[in-house]
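Undergrad: Take a look at the following structure, please.
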Amino acid sequence: MKKFFYILLLCTILVPANAAKPRLPKGTTIWGQVLRDGTPMQGVVVSDGAELATTDKKGFYYLKSAKKEGSVFVSIPSCTEVETTGGMPQFWQRLTEPAETAERHDFSLRSVDNNTYTLIAISDLHLAGVFDDFIQFRQVFMPRIMEEYNKARERGPVYCLNGGDSTYDRYWYEYGYPIEEFPKTLADNKFPMPMFHVMGNHDNDGGVAQEGDVDFNAAERYRRTMGPTHYSFNLGRNHYIVLDNVVYLNSEGRIDTYEGITGKRNHEHYFTRDQLDWLAKDLATVKDKNAPLFVSFHVPTMRYKGGLTGKPIESRFLKEGADPNELLREFTAMFRDFAEVHFISGHAHQNLPCRGCDDTSKFPDIANIFEHNISGACGCWWQTRAHSGVSLGPDGAPAGFEVFPVSGNHVEWYFVSNDDGAEKQFRVFDMNSVRDYYSSDYALQAMLRHYPNRTDYSKIEDNMLLIGVWAWQSDWTLSVTENGAQLPVEHRKSENPQFTLDYHLPKASWDDNSKSRWPAKYDNQALHANYFWVKASSPESTVTVKVTDSFGHEYTEVVERPKAFGKLMR
């Protein structure tokens, strides 16, 4: 009897406490334990994308889940991290059992001090296997990311938020680079930090049939590969929420000839009711309403009408039969109790920041919201560098990404271009040189003959300067001086002459050559907002341009004229 007692005691000591299966509450279909540094952690939120549960004092959670989304995730608590494999943070797990069967999923966390950290926000990589995109990703984008990463990690942990369109649904079938390949690309390039993902419209499967819930079905390959389409996590004092506002339609009718694509790959952009219901539950778990809140999705929700700062703010929601203004009001009302809210979006491939406090006339709940609609990392789908050696977006500004240094409740941000880094925030064109180039270049002259509606800079008046400020905000300032005297500055939508040279000209006369040289679609003025005009007194005077951002950081260029213009002008 004594021998049996000692054997029983030994077994009790050797079996870990967390190995015992607790009695599951009725209806539980997902359960597990959350450990921090090997110890049970209480108060951690775990979710299946519909329901939320909080861990008890032994670290256990229990979810009554219908398992619709196919995964369970831990909302990573502040001052903890999960394991990261090849740039992919392991905060979620795929469900494997039938809906009615209870299954266990445990999560391991490790302690880290991330009250001071840096977030690098990227979007629209559009990797596909065309225009040397993998070479540019490896040789241009990654070195710039590494530069910012190495600089930032001196002050604390560094994280990445990817705003969507990592791939390009149009080319999944044509070039054989579907969403499943993207994590391999991160691993192959040794991506140095955890990358949290947002789903973009081009991360959907254009090969799904037009039956059932097309949007849900088109996202299945993304969910299996990248994780949940909506989730939350915490960094330092900040709560982060990721949402999917792309409702993929893939309507009947072909716009592609690629074998495998079944529809138009079209979409609307709004938040489904299921997501909004989950969002309300998740927001209810946030205790500190004074800490900055971050919410990320792919398609921007609001923008200045006409693009110029100071113009009325308009809704960017799109849903057939619905009022876009009402959709924006409903969404932003969910954040009215928070002191400071940062929306982070992509899709436009341009820096189009929008400060809600600039105009609350239509939308009363946006004064506390700043939408960072950030530039595309690929610019114009990697094409301008392939054509000319400079990475440009569709507004003529450089391709790049946004960096957010965060310390406690204090948040700043700045733009980093793939070509020029963080120290340069604008480009100055000496329009005398632009005029000479337009007047003497035969290809540009041919383009202007075919496109009379385009801006003809061969006719520009003397001594004008065009300044493109890449991430201009309504609270920034621009100063231009000549021989110590202040020059008047006019903010006006304009065509970027370098973008015309590096993108529109080769597209019109080369890329589309097999279909129709000089297609009519390029006969429109390519006007964009963040441009400023100044008139100098002579063609050879030196001009000093200074831009000051929201945080008092100054960026200055002394422009010695004449300044040359061309494809590679920086």
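We label chains A, B, ... in the order they appear in the structure tokens, count residues from 1 in each chain, and number ligands from 1 in the order shown.
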Can you list every residue in region 119-356 of chain A that DSSP puts in alpha helix (DSSP H), as a count of residues only?

TA: 54

Undergrad: Using only C-alpha atoms, determine which residues lie at most 9 Å from Thr167 (chain A), disregarding the query and same-chain residues fewer than 2 positions distant; provide the list as a tab-separated table (two decimals) with N, CA and C atoms, in the first residue's frame.

TA:
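And here's part_15.tsv as it stands now:
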chain	number	residue	atom	x	y	z
A	124	ASP	N	0.60	47.74	-49.98
A	124	ASP	CA	0.59	47.60	-51.44
A	124	ASP	C	1.94	47.22	-52.01
A	125	LEU	N	2.44	46.08	-51.58
A	125	LEU	CA	3.66	45.53	-52.17
A	125	LEU	C	3.40	44.96	-53.56
A	126	HIS	N	2.25	44.37	-53.78
A	126	HIS	CA	1.85	43.87	-55.10
A	126	HIS	C	2.91	42.99	-55.75
A	127	LEU	N	3.46	42.07	-55.03
A	127	LEU	CA	4.42	41.15	-55.64
A	127	LEU	C	3.69	40.19	-56.57
A	128	ALA	N	4.26	40.00	-57.75
A	128	ALA	CA	3.57	39.20	-58.76
A	128	ALA	C	4.52	38.45	-59.69
A	164	GLY	N	-1.98	45.55	-46.71
A	164	GLY	CA	-2.72	44.77	-47.69
A	164	GLY	C	-2.21	44.87	-49.11
A	165	ASP	N	-2.78	44.04	-49.98
A	165	ASP	CA	-2.33	43.88	-51.36
A	165	ASP	C	-0.87	43.45	-51.40
A	169	ASP	N	-4.10	39.62	-57.25
A	169	ASP	CA	-5.01	38.55	-57.68
A	169	ASP	C	-5.02	38.35	-59.20
A	170	ARG	N	-4.79	39.41	-59.93
A	170	ARG	CA	-4.77	39.32	-61.40
A	170	ARG	C	-3.72	38.33	-61.89
A	171	TYR	N	-2.61	38.22	-61.14
A	171	TYR	CA	-1.48	37.41	-61.60
A	171	TYR	C	-1.29	36.11	-60.81
A	172	TRP	N	-2.20	35.80	-59.89
A	172	TRP	CA	-2.06	34.53	-59.17
A	172	TRP	C	-1.94	33.36	-60.14
A	177	TYR	N	2.23	33.31	-58.74
A	177	TYR	CA	2.61	33.85	-57.43
A	177	TYR	C	1.34	34.18	-56.65
A	178	PRO	N	0.70	33.18	-56.04
A	178	PRO	CA	-0.51	33.42	-55.24
A	178	PRO	C	-0.14	33.83	-53.82
A	179	ILE	N	-1.13	34.05	-53.00
A	179	ILE	CA	-0.92	34.53	-51.63
A	179	ILE	C	-0.07	33.56	-50.83
A	181	GLU	N	2.59	32.18	-51.54
A	181	GLU	CA	4.02	32.40	-51.75
A	181	GLU	C	4.58	33.55	-50.92
A	182	PHE	N	3.70	34.44	-50.46
A	182	PHE	CA	4.20	35.65	-49.81
A	182	PHE	C	4.98	35.38	-48.52
A	200	GLY	N	-6.07	43.03	-48.39
A	200	GLY	CA	-6.40	43.97	-49.45
A	200	GLY	C	-7.28	43.32	-50.51
A	202	HIS	N	-6.65	42.82	-53.59
A	202	HIS	CA	-5.89	41.92	-54.47
A	202	HIS	C	-5.36	40.68	-53.74
A	203	ASP	N	-5.68	40.56	-52.45
A	203	ASP	CA	-5.33	39.35	-51.71
A	203	ASP	C	-6.46	38.34	-51.71

Undergrad: Figure out the distance between CA of Gly310 (chain A) and CA of Asp358 (chain A), please, to one decimal in Å.

TA: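 Pair CA of Asp358 (chain A) / CA of Gly310 (chain A) returns 6.5 Å.
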
Undergrad: For Phe294 (chain A), find every residue with an atom within 7 Å (counting only C-alpha atoms), except residues of its own chain fewer than 3 positions away, and show them as a list in words.

TA: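 The residues satisfying every condition are His239, Tyr240, Ile241, Val341, His342 and Phe343 of chain A.
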
Undergrad: Would you save the residues from that selection as a PDB file, in the first residue's frame, using N, CA and C atoms?

TA:
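And here is the file that came out, part_37.pdb:
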ATOM      1  N   HIS A 239      -3.764  49.889 -28.211  1.00  0.00           N
ATOM      2  CA  HIS A 239      -4.549  48.778 -28.735  1.00  0.00           C
ATOM      3  C   HIS A 239      -4.639  48.928 -30.247  1.00  0.00           C
ATOM      4  N   TYR A 240      -4.406  47.834 -30.959  1.00  0.00           N
ATOM      5  CA  TYR A 240      -4.465  47.796 -32.419  1.00  0.00           C
ATOM      6  C   TYR A 240      -5.607  46.889 -32.860  1.00  0.00           C
ATOM      7  N   ILE A 241      -6.343  47.354 -33.856  1.00  0.00           N
ATOM      8  CA  ILE A 241      -7.436  46.569 -34.437  1.00  0.00           C
ATOM      9  C   ILE A 241      -7.215  46.506 -35.941  1.00  0.00           C
ATOM     10  N   VAL A 341      -7.430  58.640 -32.133  1.00  0.00           N
ATOM     11  CA  VAL A 341      -7.594  57.447 -32.962  1.00  0.00           C
ATOM     12  C   VAL A 341      -6.823  57.643 -34.260  1.00  0.00           C
ATOM     13  N   HIS A 342      -6.031  56.637 -34.619  1.00  0.00           N
ATOM     14  CA  HIS A 342      -5.264  56.674 -35.863  1.00  0.00           C
ATOM     15  C   HIS A 342      -5.751  55.557 -36.774  1.00  0.00           C
ATOM     16  N   PHE A 343      -6.364  55.930 -37.900  1.00  0.00           N
ATOM     17  CA  PHE A 343      -6.682  54.971 -38.950  1.00  0.00           C
ATOM     18  C   PHE A 343      -5.449  54.838 -39.848  1.00  0.00           C
TER      19      PHE A 343
END

Undergrad: Hey, what's within 12 Å of Phe335 (chain A) if we count only C-alpha atoms and toss same-chain stuff fewer than 5 positions away? As an NGL selection string, please?

TA: :A and (241 or 276 or 279-280 or 282-284 or 286 or 289-290 or 292-295 or 328-330 or 340-343 or 364-370)

Undergrad: Those residues with N, CA and C atoms, as a PDB file, in the first residue's frame please?

TA:
ATOM      1  N   ILE A 241      -6.343  47.354 -33.856  1.00  0.00           N
ATOM      2  CA  ILE A 241      -7.436  46.569 -34.437  1.00  0.00           C
ATOM      3  C   ILE A 241      -7.215  46.506 -35.941  1.00  0.00           C
ATOM      4  N   LEU A 276     -18.482  44.489 -37.551  1.00  0.00           N
ATOM      5  CA  LEU A 276     -18.845  45.586 -36.650  1.00  0.00           C
ATOM      6  C   LEU A 276     -19.309  45.052 -35.302  1.00  0.00           C
ATOM      7  N   LEU A 279     -16.193  44.074 -33.568  1.00  0.00           N
ATOM      8  CA  LEU A 279     -15.458  45.276 -33.209  1.00  0.00           C
ATOM      9  C   LEU A 279     -16.004  45.891 -31.919  1.00  0.00           C
ATOM     10  N   ALA A 280     -17.331  45.939 -31.787  1.00  0.00           N
ATOM     11  CA  ALA A 280     -17.935  46.499 -30.578  1.00  0.00           C
ATOM     12  C   ALA A 280     -17.504  45.712 -29.341  1.00  0.00           C
ATOM     13  N   ASP A 282     -14.718  43.925 -29.053  1.00  0.00           N
ATOM     14  CA  ASP A 282     -13.293  44.129 -28.837  1.00  0.00           C
ATOM     15  C   ASP A 282     -13.018  45.487 -28.209  1.00  0.00           C
ATOM     16  N   LEU A 283     -13.684  46.538 -28.691  1.00  0.00           N
ATOM     17  CA  LEU A 283     -13.483  47.872 -28.132  1.00  0.00           C
ATOM     18  C   LEU A 283     -13.878  47.927 -26.660  1.00  0.00           C
ATOM     19  N   ALA A 284     -14.842  47.119 -26.292  1.00  0.00           N
ATOM     20  CA  ALA A 284     -15.290  47.106 -24.894  1.00  0.00           C
ATOM     21  C   ALA A 284     -14.216  46.583 -23.949  1.00  0.00           C
ATOM     22  N   VAL A 286     -11.065  47.511 -24.122  1.00  0.00           N
ATOM     23  CA  VAL A 286     -10.013  48.528 -24.003  1.00  0.00           C
ATOM     24  C   VAL A 286     -10.338  49.420 -22.810  1.00  0.00           C
ATOM     25  N   LYS A 289      -9.072  54.707 -22.453  1.00  0.00           N
ATOM     26  CA  LYS A 289      -9.604  55.413 -23.616  1.00  0.00           C
ATOM     27  C   LYS A 289      -8.772  56.647 -23.973  1.00  0.00           C
ATOM     28  N   ASN A 290      -7.816  57.011 -23.119  1.00  0.00           N
ATOM     29  CA  ASN A 290      -6.956  58.157 -23.413  1.00  0.00           C
ATOM     30  C   ASN A 290      -5.706  57.769 -24.191  1.00  0.00           C
ATOM     31  N   PRO A 292      -3.635  56.383 -27.324  1.00  0.00           N
ATOM     32  CA  PRO A 292      -3.905  56.339 -28.765  1.00  0.00           C
ATOM     33  C   PRO A 292      -4.343  54.943 -29.209  1.00  0.00           C
ATOM     34  N   LEU A 293      -5.400  54.911 -30.000  1.00  0.00           N
ATOM     35  CA  LEU A 293      -5.952  53.675 -30.554  1.00  0.00           C
ATOM     36  C   LEU A 293      -5.628  53.631 -32.035  1.00  0.00           C
ATOM     37  N   PHE A 294      -5.194  52.462 -32.532  1.00  0.00           N
ATOM     38  CA  PHE A 294      -4.864  52.292 -33.946  1.00  0.00           C
ATOM     39  C   PHE A 294      -5.840  51.307 -34.585  1.00  0.00           C
ATOM     40  N   VAL A 295      -6.374  51.694 -35.738  1.00  0.00           N
ATOM     41  CA  VAL A 295      -7.299  50.834 -36.475  1.00  0.00           C
ATOM     42  C   VAL A 295      -6.828  50.795 -37.926  1.00  0.00           C
ATOM     43  N   LEU A 328     -19.989  55.984 -42.943  1.00  0.00           N
ATOM     44  CA  LEU A 328     -18.864  56.583 -42.232  1.00  0.00           C
ATOM     45  C   LEU A 328     -19.292  57.064 -40.850  1.00  0.00           C
ATOM     46  N   ARG A 329     -20.483  57.660 -40.757  1.00  0.00           N
ATOM     47  CA  ARG A 329     -20.960  58.113 -39.444  1.00  0.00           C
ATOM     48  C   ARG A 329     -21.108  56.948 -38.479  1.00  0.00           C
ATOM     49  N   GLU A 330     -21.687  55.844 -38.963  1.00  0.00           N
ATOM     50  CA  GLU A 330     -21.872  54.681 -38.100  1.00  0.00           C
ATOM     51  C   GLU A 330     -20.535  54.137 -37.625  1.00  0.00           C
ATOM     52  N   GLU A 340      -7.814  59.740 -28.909  1.00  0.00           N
ATOM     53  CA  GLU A 340      -6.957  59.861 -30.098  1.00  0.00           C
ATOM     54  C   GLU A 340      -7.006  58.557 -30.877  1.00  0.00           C
ATOM     55  N   VAL A 341      -7.430  58.640 -32.133  1.00  0.00           N
ATOM     56  CA  VAL A 341      -7.594  57.447 -32.962  1.00  0.00           C
ATOM     57  C   VAL A 341      -6.823  57.643 -34.260  1.00  0.00           C
ATOM     58  N   HIS A 342      -6.031  56.637 -34.619  1.00  0.00           N
ATOM     59  CA  HIS A 342      -5.264  56.674 -35.863  1.00  0.00           C
ATOM     60  C   HIS A 342      -5.751  55.557 -36.774  1.00  0.00           C
ATOM     61  N   PHE A 343      -6.364  55.930 -37.900  1.00  0.00           N
ATOM     62  CA  PHE A 343      -6.682  54.971 -38.950  1.00  0.00           C
ATOM     63  C   PHE A 343      -5.449  54.838 -39.848  1.00  0.00           C
ATOM     64  N   PRO A 364     -19.741  64.231 -37.273  1.00  0.00           N
ATOM     65  CA  PRO A 364     -19.441  64.819 -35.964  1.00  0.00           C
ATOM     66  C   PRO A 364     -18.449  64.026 -35.123  1.00  0.00           C
ATOM     67  N   ASP A 365     -18.181  62.763 -35.474  1.00  0.00           N
ATOM     68  CA  ASP A 365     -17.345  61.914 -34.633  1.00  0.00           C
ATOM     69  C   ASP A 365     -15.944  61.677 -35.199  1.00  0.00           C
ATOM     70  N   ILE A 366     -15.450  62.601 -36.025  1.00  0.00           N
ATOM     71  CA  ILE A 366     -14.130  62.376 -36.618  1.00  0.00           C
ATOM     72  C   ILE A 366     -13.077  63.349 -36.095  1.00  0.00           C
ATOM     73  N   ALA A 367     -13.426  64.237 -35.182  1.00  0.00           N
ATOM     74  CA  ALA A 367     -12.450  65.221 -34.695  1.00  0.00           C
ATOM     75  C   ALA A 367     -11.269  64.552 -34.007  1.00  0.00           C
ATOM     76  N   ASN A 368     -11.484  63.378 -33.435  1.00  0.00           N
ATOM     77  CA  ASN A 368     -10.409  62.665 -32.730  1.00  0.00           C
ATOM     78  C   ASN A 368      -9.682  61.670 -33.626  1.00  0.00           C
ATOM     79  N   ILE A 369     -10.011  61.666 -34.935  1.00  0.00           N
ATOM     80  CA  ILE A 369      -9.483  60.646 -35.849  1.00  0.00           C
ATOM     81  C   ILE A 369      -8.527  61.287 -36.854  1.00  0.00           C
ATOM     82  N   PHE A 370      -7.399  60.632 -37.050  1.00  0.00           N
ATOM     83  CA  PHE A 370      -6.453  60.994 -38.111  1.00  0.00           C
ATOM     84  C   PHE A 370      -6.295  59.766 -38.997  1.00  0.00           C
TER      85      PHE A 370
END

Undergrad: Select, from A:Asn373, A:Gln139, A:Asn530, A:Asn325, the residue with the minimum atom-to-atom distance to Ile467 (chain A), counting only C-alpha atoms.

TA: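 Of the candidates, the smallest distance to Ile467 (chain A) is held by A:Asn530.
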
Undergrad: Between A:Phe401, A:Trp31, A:Phe131, A:Trp518, which residue has the minimum interatomic distance to Gly376 (chain A), considering only C-alpha atoms?

TA: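 Comparing A:Phe401, A:Trp31, A:Phe131, A:Trp518 against Gly376 (chain A), the winner is A:Phe401.
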
Undergrad: Taking only region 473-520 of chain A into account, list the residues labelled strand (DSSP E) by DSSP (computed from the backbone), as a list of chain:residue names.

TA: A:Thr477, A:Leu478, A:Ser479, A:Val480, A:Thr481, A:Glu482, A:Ala485, A:Gln486, A:Glu490, A:His491

Undergrad: Restricting it to all heavy atoms, dump the selection as a PDB file, in the first residue's frame.

TA:
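File part.pdb, as written:
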ATOM      1  N   THR A 477       4.003  73.566 -42.721  1.00  0.00           N
ATOM      2  CA  THR A 477       4.293  74.872 -43.320  1.00  0.00           C
ATOM      3  C   THR A 477       5.386  74.731 -44.376  1.00  0.00           C
ATOM      4  O   THR A 477       6.246  73.853 -44.287  1.00  0.00           O
ATOM      5  CB  THR A 477       4.738  75.902 -42.263  1.00  0.00           C
ATOM      6  OG1 THR A 477       5.933  75.436 -41.619  1.00  0.00           O
ATOM      7  CG2 THR A 477       3.647  76.118 -41.226  1.00  0.00           C
ATOM      8  N   LEU A 478       5.334  75.613 -45.371  1.00  0.00           N
ATOM      9  CA  LEU A 478       6.311  75.645 -46.463  1.00  0.00           C
ATOM     10  C   LEU A 478       6.817  77.064 -46.611  1.00  0.00           C
ATOM     11  O   LEU A 478       6.024  78.006 -46.758  1.00  0.00           O
ATOM     12  CB  LEU A 478       5.674  75.160 -47.759  1.00  0.00           C
ATOM     13  CG  LEU A 478       6.488  75.321 -49.045  1.00  0.00           C
ATOM     14  CD1 LEU A 478       7.777  74.516 -48.984  1.00  0.00           C
ATOM     15  CD2 LEU A 478       5.658  74.898 -50.261  1.00  0.00           C
ATOM     16  N   SER A 479       8.140  77.214 -46.573  1.00  0.00           N
ATOM     17  CA  SER A 479       8.760  78.522 -46.718  1.00  0.00           C
ATOM     18  C   SER A 479       9.764  78.477 -47.866  1.00  0.00           C
ATOM     19  O   SER A 479      10.574  77.551 -47.954  1.00  0.00           O
ATOM     20  CB  SER A 479       9.463  78.910 -45.411  1.00  0.00           C
ATOM     21  OG  SER A 479      10.295  80.039 -45.602  1.00  0.00           O
ATOM     22  N   VAL A 480       9.703  79.483 -48.757  1.00  0.00           N
ATOM     23  CA  VAL A 480      10.640  79.587 -49.872  1.00  0.00           C
ATOM     24  C   VAL A 480      11.245  80.988 -49.851  1.00  0.00           C
ATOM     25  O   VAL A 480      10.523  81.987 -49.859  1.00  0.00           O
ATOM     26  CB  VAL A 480       9.955  79.328 -51.220  1.00  0.00           C
ATOM     27  CG1 VAL A 480      10.986  79.351 -52.350  1.00  0.00           C
ATOM     28  CG2 VAL A 480       9.211  78.000 -51.210  1.00  0.00           C
ATOM     29  N   THR A 481      12.583  81.040 -49.822  1.00  0.00           N
ATOM     30  CA  THR A 481      13.265  82.339 -49.811  1.00  0.00           C
ATOM     31  C   THR A 481      14.273  82.421 -50.946  1.00  0.00           C
ATOM     32  O   THR A 481      14.869  81.418 -51.346  1.00  0.00           O
ATOM     33  CB  THR A 481      13.987  82.576 -48.472  1.00  0.00           C
ATOM     34  OG1 THR A 481      14.911  81.505 -48.229  1.00  0.00           O
ATOM     35  CG2 THR A 481      12.999  82.654 -47.322  1.00  0.00           C
ATOM     36  N   GLU A 482      14.455  83.640 -51.429  1.00  0.00           N
ATOM     37  CA  GLU A 482      15.424  83.929 -52.489  1.00  0.00           C
ATOM     38  C   GLU A 482      16.209  85.171 -52.071  1.00  0.00           C
ATOM     39  O   GLU A 482      15.607  86.234 -51.854  1.00  0.00           O
ATOM     40  CB  GLU A 482      14.698  84.172 -53.810  1.00  0.00           C
ATOM     41  CG  GLU A 482      15.617  84.477 -54.978  1.00  0.00           C
ATOM     42  CD  GLU A 482      14.827  84.875 -56.220  1.00  0.00           C
ATOM     43  OE1 GLU A 482      13.875  85.677 -56.065  1.00  0.00           O
ATOM     44  OE2 GLU A 482      15.161  84.401 -57.320  1.00  0.00           O
ATOM     45  N   ALA A 485      14.802  86.953 -49.153  1.00  0.00           N
ATOM     46  CA  ALA A 485      13.434  87.479 -49.265  1.00  0.00           C
ATOM     47  C   ALA A 485      12.432  86.325 -49.408  1.00  0.00           C
ATOM     48  O   ALA A 485      12.678  85.371 -50.152  1.00  0.00           O
ATOM     49  CB  ALA A 485      13.329  88.417 -50.457  1.00  0.00           C
ATOM     50  N   GLN A 486      11.313  86.441 -48.704  1.00  0.00           N
ATOM     51  CA  GLN A 486      10.275  85.420 -48.754  1.00  0.00           C
ATOM     52  C   GLN A 486       9.527  85.512 -50.086  1.00  0.00           C
ATOM     53  O   GLN A 486       9.158  86.609 -50.528  1.00  0.00           O
ATOM     54  CB  GLN A 486       9.294  85.615 -47.602  1.00  0.00           C
ATOM     55  CG  GLN A 486       8.437  84.406 -47.276  1.00  0.00           C
ATOM     56  CD  GLN A 486       9.186  83.371 -46.468  1.00  0.00           C
ATOM     57  OE1 GLN A 486      10.134  83.677 -45.779  1.00  0.00           O
ATOM     58  NE2 GLN A 486       8.764  82.127 -46.567  1.00  0.00           N
ATOM     59  N   GLU A 490       1.953  79.282 -53.947  1.00  0.00           N
ATOM     60  CA  GLU A 490       0.582  78.910 -54.309  1.00  0.00           C
ATOM     61  C   GLU A 490       0.439  77.398 -54.279  1.00  0.00           C
ATOM     62  O   GLU A 490       1.187  76.674 -54.940  1.00  0.00           O
ATOM     63  CB  GLU A 490       0.231  79.424 -55.708  1.00  0.00           C
ATOM     64  CG  GLU A 490      -1.188  79.061 -56.116  1.00  0.00           C
ATOM     65  CD  GLU A 490      -1.498  79.393 -57.575  1.00  0.00           C
ATOM     66  OE1 GLU A 490      -0.582  79.840 -58.288  1.00  0.00           O
ATOM     67  OE2 GLU A 490      -2.660  79.183 -57.993  1.00  0.00           O
ATOM     68  N   HIS A 491      -0.537  76.913 -53.515  1.00  0.00           N
ATOM     69  CA  HIS A 491      -0.844  75.479 -53.439  1.00  0.00           C
ATOM     70  C   HIS A 491      -1.854  75.154 -54.537  1.00  0.00           C
ATOM     71  O   HIS A 491      -2.973  75.667 -54.529  1.00  0.00           O
ATOM     72  CB  HIS A 491      -1.433  75.157 -52.059  1.00  0.00           C
ATOM     73  CG  HIS A 491      -1.579  73.699 -51.780  1.00  0.00           C
ATOM     74  ND1 HIS A 491      -2.154  73.226 -50.618  1.00  0.00           N
ATOM     75  CD2 HIS A 491      -1.236  72.594 -52.495  1.00  0.00           C
ATOM     76  CE1 HIS A 491      -2.158  71.898 -50.623  1.00  0.00           C
ATOM     77  NE2 HIS A 491      -1.611  71.499 -51.762  1.00  0.00           N
TER      78      HIS A 491
END

Undergrad: Report the distance between CA of Asp441 (chain A) and CA of Arg492 (chain A) in Å, rounded to one decimal place.

TA: 26.0 Å

Undergrad: Please provide as a tab-separated table (two decimals) with N, CA and C atoms, in the first residue's frame all residues within 10 Å of Glu148 (chain A), with the sequence filter that same-chain residues fewer than 4 positions apart are discarded (counting only C-alpha atoms).

TA:
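Below is the file that was written, around22.tsv:
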chain	number	residue	atom	x	y	z
A	118	THR	N	8.60	51.11	-32.10
A	118	THR	CA	8.43	51.73	-33.42
A	118	THR	C	7.57	50.81	-34.28
A	120	ILE	N	6.48	50.25	-38.17
A	120	ILE	CA	6.73	50.57	-39.59
A	120	ILE	C	5.51	50.10	-40.37
A	142	MET	N	13.98	46.26	-49.29
A	142	MET	CA	14.51	45.63	-48.08
A	142	MET	C	15.68	46.41	-47.46
A	143	PRO	N	16.65	46.90	-48.24
A	143	PRO	CA	17.71	47.71	-47.62
A	143	PRO	C	17.17	48.95	-46.91
A	144	ARG	N	16.13	49.58	-47.48
A	144	ARG	CA	15.56	50.75	-46.82
A	144	ARG	C	14.83	50.36	-45.53
A	152	ALA	N	15.65	52.17	-35.58
A	152	ALA	CA	14.56	52.16	-34.60
A	152	ALA	C	14.82	51.23	-33.43
A	153	ARG	N	15.49	50.12	-33.67
A	153	ARG	CA	15.62	49.13	-32.59
A	153	ARG	C	16.55	49.60	-31.48
A	158	VAL	N	10.65	46.75	-32.58
A	158	VAL	CA	10.16	47.26	-33.86
A	158	VAL	C	9.18	46.25	-34.43
A	403	VAL	N	6.64	55.57	-40.85
A	403	VAL	CA	7.24	55.10	-39.60
A	403	VAL	C	6.60	55.85	-38.44
A	416	VAL	N	9.09	57.64	-45.29
A	416	VAL	CA	10.38	57.17	-45.77
A	416	VAL	C	10.21	56.73	-47.23
A	421	GLY	N	15.05	57.74	-48.57
A	421	GLY	CA	15.04	57.58	-47.13
A	421	GLY	C	14.16	58.59	-46.42
A	422	ALA	N	14.49	58.86	-45.14
A	422	ALA	CA	13.64	59.71	-44.30
A	422	ALA	C	14.08	61.17	-44.27

Undergrad: Which neighbours of region 209-220 of chain A fall inside 8 Å, counting only C-alpha atoms, when residues of the same chain fewer than 6 positions from it are skipped, and could you give them as a PyMOL selection string?

TA: chain A and resi 203+247-252+262-263

Undergrad: Show me, as JSON lines, the residues of region 132-205 of chain A having an atom within 9 Å of region 78-87 of chain A, each with the closest atom pair and its distance in Å, using only C-alpha atoms.

TA:
{"residue": "A:Pro183", "atom": "CA", "partner": "A:Gly86", "partner_atom": "CA", "distance": 7.2}
{"residue": "A:Lys184", "atom": "CA", "partner": "A:Gly86", "partner_atom": "CA", "distance": 7.8}
{"residue": "A:Thr185", "atom": "CA", "partner": "A:Gly86", "partner_atom": "CA", "distance": 8.9}
{"residue": "A:Leu186", "atom": "CA", "partner": "A:Gly86", "partner_atom": "CA", "distance": 6.1}
{"residue": "A:Ala187", "atom": "CA", "partner": "A:Gly86", "partner_atom": "CA", "distance": 4.2}
{"residue": "A:Asp188", "atom": "CA", "partner": "A:Gly86", "partner_atom": "CA", "distance": 7.9}
{"residue": "A:Asn189", "atom": "CA", "partner": "A:Gly86", "partner_atom": "CA", "distance": 8.7}
{"residue": "A:Lys190", "atom": "CA", "partner": "A:Gly86", "partner_atom": "CA", "distance": 6.4}
{"residue": "A:Phe191", "atom": "CA", "partner": "A:Gly87", "partner_atom": "CA", "distance": 5.3}
{"residue": "A:Pro192", "atom": "CA", "partner": "A:Gly87", "partner_atom": "CA", "distance": 6.4}
{"residue": "A:Met193", "atom": "CA", "partner": "A:Gly87", "partner_atom": "CA", "distance": 5.6}
{"residue": "A:Pro194", "atom": "CA", "partner": "A:Gly87", "partner_atom": "CA", "distance": 4.8}
{"residue": "A:Met195", "atom": "CA", "partner": "A:Gly87", "partner_atom": "CA", "distance": 5.6}
{"residue": "A:Phe196", "atom": "CA", "partner": "A:Gly87", "partner_atom": "CA", "distance": 8.8}

Undergrad: Can you work out the spacing between CA of Leu161 (chain A) and CA of Arg224 (chain A) in Å, to one decimal?

TA: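 Taking CA of Leu161 (chain A) and CA of Arg224 (chain A), their separation equals 18.8 Å.
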
Undergrad: Do a neighbour search on Thr285 (chain A) at 12 Å with only C-alpha atoms, toss out local chain neighbours closer than 5 positions, and write the hits as an MDAnalysis selection string.

TA: chainID A and resid 43:47 52:54 75 77 232:234 239:241 278:280

Undergrad: Give the answer as one residue: which of A:Ile145, A:Val558, A:Met334, A:Ala348 has the shortest atom-to-atom distance to Asp419 (chain A), using only C-alpha atoms?

TA: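 Among the listed residues, A:Ile145 lies closest to Asp419 (chain A).
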
Undergrad: Determine, using only C-alpha atoms, which residues of region 362-438 of chain A have any atom at most 7 Å from an atom of region 442-462 of chain A, and tabulate each with its shortest atom pair and distance in Å to one decimal place, rows ordered by chain and then rising number, as a Markdown table.

TA:
| residue | atom | partner | partner_atom | distance |
| --- | --- | --- | --- | --- |
| A:Asn432 | CA | A:Asp462 | CA | 6.4 |
| A:Val434 | CA | A:Tyr457 | CA | 6.8 |
| A:Arg435 | CA | A:Ser458 | CA | 4.3 |
| A:Asp436 | CA | A:Ser458 | CA | 6.7 |
| A:Tyr438 | CA | A:Ser458 | CA | 5.0 |
